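> The structure under discussion is supplied below as structure tokens; questions concerning it will follow.
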Amino acid sequence: KKKEKKKKKKKVFFFLMIRRPPRSTLFPYTTLFRSKYKISRIGFMDDTFVYDITWIRSFLKRYKEAINLPFGCTVYPSFLNKEVIKLLGEAGCVLVNMGIQDLNEKLRRRVLNRRDTNIDIKRAIRLLKESNIFTYTTVIFGLPYQREKEMIETINFLNQWRPDVPDSNWLRYYPKTLIIDFALENNLLGTKDIKKINNSREFRPYGLGGHTFNKKTLQFRNLLFLTSVLPRKIIK
């Protein structure tokens, strides 16, 4: 009898996000800190900051009334549209940090579980430029199965679209995340490596090499930085 092949169990992902109401304790505390420490800018380090359009409308209105300071925030390309960017600009947003990671959509989905498209990325950069909001983008060099061809395509894309600062980092594996499972299933990390990561026994900042640093990706990183200072025709 032929041995029956074991069917791989499909992973099901649930996305649950709990938002505090805009009338939170943030505003009175920020007002206190502003008077005490002379705060001139605020940064919102939340990748899903603009995810909920109803929430962001209410929050930014309240922020403008209560705080009214220039601010920066982190965003996903797929969450940005004309209304969101207009709301950000009117509330005082002066800088946006947006992760692109790689131009290969299949790679982004498979390795990073990111569903945004290249059309989303192009639209977001264009709208931010039109609104004069300083745009800081990041990519990751050293992703699993990322080829040199794809890194070059990413650099060429950013050379064409020219965000204000195109930055890059290396991949860092965070404890007990889905990408750890991916790395184990694809023999990219051993059990000993994963145990160290999950127990936080390593210090590998993503900006200083992470888990995937090598000389080739360093060259690509340097080339990417040059796209912000050299003419387009030189970076090819």
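FYI, nothing fancy with the structure tokens labels: chains A, B, ... in order, residues from 1 per chain, ligands from 1 as they appear.
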Might you pull out every residue within 6 Å of A:Ile197, with only C-alpha atoms counted and same-chain residues fewer than 3 positions away left off, and present them as number ranges by chain?

A: 175, 194, 200

> Do a neighbour search on A:Lys122 at 8 Å with only C-alpha atoms, toss out local chain neighbours closer than 4 positions, and write the hits as a count of residues only.

3

> Counting only C-alpha atoms, which residue out of A:Ile39, A:Leu127, A:Leu107, A:Ala91 sits closest to A:Asn68?

A:Ala91

> Using only C-alpha atoms, determine which residues lie at most 8 Å from A:Asn169, disregarding the query and same-chain residues fewer than 4 positions distant; provide the list as a list in words.

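Listed by chain and then number, they are Thr138, Val139, Ile140, Phe141, Tyr206, Gly207, Leu208, Gly209, Gly210 and Arg221 of chain A.
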
> With N, CA, C and O atoms retained, could you export that selection as a JSON list (two decimals), in the first residue's frame?


[["chain", "number", "residue", "atom", "x", "y", "z"],
["A", 138, "THR", "N", 12.11, 52.58, 4.53],
["A", 138, "THR", "CA", 13.08, 51.56, 4.92],
["A", 138, "THR", "C", 12.87, 50.28, 4.12],
["A", 138, "THR", "O", 11.74, 49.93, 3.79],
["A", 139, "VAL", "N", 13.98, 49.64, 3.79],
["A", 139, "VAL", "CA", 13.94, 48.31, 3.17],
["A", 139, "VAL", "C", 14.80, 47.38, 4.02],
["A", 139, "VAL", "O", 15.55, 47.83, 4.88],
["A", 140, "ILE", "N", 14.67, 46.09, 3.77],
["A", 140, "ILE", "CA", 15.46, 45.09, 4.49],
["A", 140, "ILE", "C", 16.33, 44.33, 3.50],
["A", 140, "ILE", "O", 15.82, 43.76, 2.53],
["A", 141, "PHE", "N", 17.63, 44.34, 3.73],
["A", 141, "PHE", "CA", 18.54, 43.53, 2.94],
["A", 141, "PHE", "C", 18.93, 42.29, 3.74],
["A", 141, "PHE", "O", 19.23, 42.38, 4.93],
["A", 206, "TYR", "N", 18.99, 45.60, 14.26],
["A", 206, "TYR", "CA", 18.80, 45.48, 12.82],
["A", 206, "TYR", "C", 19.59, 46.53, 12.04],
["A", 206, "TYR", "O", 19.94, 46.33, 10.88],
["A", 207, "GLY", "N", 19.89, 47.67, 12.67],
["A", 207, "GLY", "CA", 20.67, 48.69, 11.99],
["A", 207, "GLY", "C", 22.16, 48.43, 11.99],
["A", 207, "GLY", "O", 22.93, 49.11, 11.30],
["A", 208, "LEU", "N", 22.59, 47.43, 12.77],
["A", 208, "LEU", "CA", 24.02, 47.12, 12.88],
["A", 208, "LEU", "C", 24.33, 45.70, 12.42],
["A", 208, "LEU", "O", 25.29, 45.08, 12.86],
["A", 209, "GLY", "N", 23.52, 45.19, 11.53],
["A", 209, "GLY", "CA", 23.81, 43.88, 10.96],
["A", 209, "GLY", "C", 22.75, 42.82, 11.18],
["A", 209, "GLY", "O", 22.64, 41.88, 10.41],
["A", 210, "GLY", "N", 21.98, 42.95, 12.26],
["A", 210, "GLY", "CA", 20.95, 41.96, 12.54],
["A", 210, "GLY", "C", 21.48, 40.54, 12.51],
["A", 210, "GLY", "O", 22.58, 40.27, 12.97],
["A", 221, "ARG", "N", 23.47, 48.58, 0.61],
["A", 221, "ARG", "CA", 22.99, 49.61, 1.55],
["A", 221, "ARG", "C", 23.64, 50.95, 1.23],
["A", 221, "ARG", "O", 22.97, 51.99, 1.20]]

> I'd like to know which of A:Leu223, A:Val50, A:Leu103, A:Ile125 is closest to A:Leu88, using only C-alpha atoms.

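Nearest to A:Leu88: A:Val50.
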
> Just the residues within 9 Å of A:Val84, please, counting only C-alpha atoms, with nothing from its chain fewer than 4 positions along; format it as a ChimeraX atom specification.

/A:50,53,56-57,79-80,88-89

> Do you have the atom CA of A:Thr30-atom CA of A:Ile42 distance handy?

9.3 Å

> Using Å and a single decimal, report how far atom CA of A:Ala183 sits from atom CA of A:Leu224.

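Pair atom CA of A:Leu224 / atom CA of A:Ala183 returns 26.5 Å.
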
> With only C-alpha atoms as the atoms that count, which of A:Ser228, A:Lys106, A:Phe44, A:Asp52 lies nearest to A:Ile155?

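Once distances to A:Ile155 are computed over only C-alpha atoms, the minimum belongs to A:Ser228.
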
> If you count only C-alpha atoms, which residues fall within 12 Å of A:Tyr145, apart from same-chain ones fewer than 5 positions away, as a list in words?

Asp102, Asn104, Lys106, Leu107, Arg108, Arg110, Val111, Leu112, Glu150, Met151, Phe182, Ala183, Asn186, Asn187, Leu188 and Thr212 of chain A

> Given the selection you just returned, output its residues as a file containing C-alpha atoms, formatted as an mmCIF file, in the first residue's frame.


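part08.cif, written as the output of this step:
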data_model
loop_
_atom_site.group_PDB
_atom_site.id
_atom_site.type_symbol
_atom_site.label_atom_id
_atom_site.label_comp_id
_atom_site.auth_asym_id
_atom_site.auth_seq_id
_atom_site.Cartn_x
_atom_site.Cartn_y
_atom_site.Cartn_z
ATOM 1 C CA ASP A 102 11.430 44.646 -0.807
ATOM 2 C CA ASN A 104 9.056 41.486 -4.671
ATOM 3 C CA LYS A 106 5.550 37.352 -3.349
ATOM 4 C CA LEU A 107 8.603 37.542 -1.108
ATOM 5 C CA ARG A 108 6.929 40.112 1.153
ATOM 6 C CA ARG A 110 5.755 34.618 1.992
ATOM 7 C CA VAL A 111 8.461 35.793 4.392
ATOM 8 C CA LEU A 112 7.033 38.893 6.093
ATOM 9 C CA GLU A 150 15.601 41.906 -6.250
ATOM 10 C CA MET A 151 17.828 44.154 -4.153
ATOM 11 C CA PHE A 182 9.386 30.081 8.804
ATOM 12 C CA ALA A 183 13.153 30.018 9.353
ATOM 13 C CA ASN A 186 13.073 26.167 5.755
ATOM 14 C CA ASN A 187 16.298 25.226 7.574
ATOM 15 C CA LEU A 188 17.444 28.847 7.786
ATOM 16 C CA THR A 212 21.860 38.616 8.010
#

> What does the structure give for the distance between atom CA of A:Asp181 and atom CA of A:Lys215, in Å to one decimal?

26.6 Å
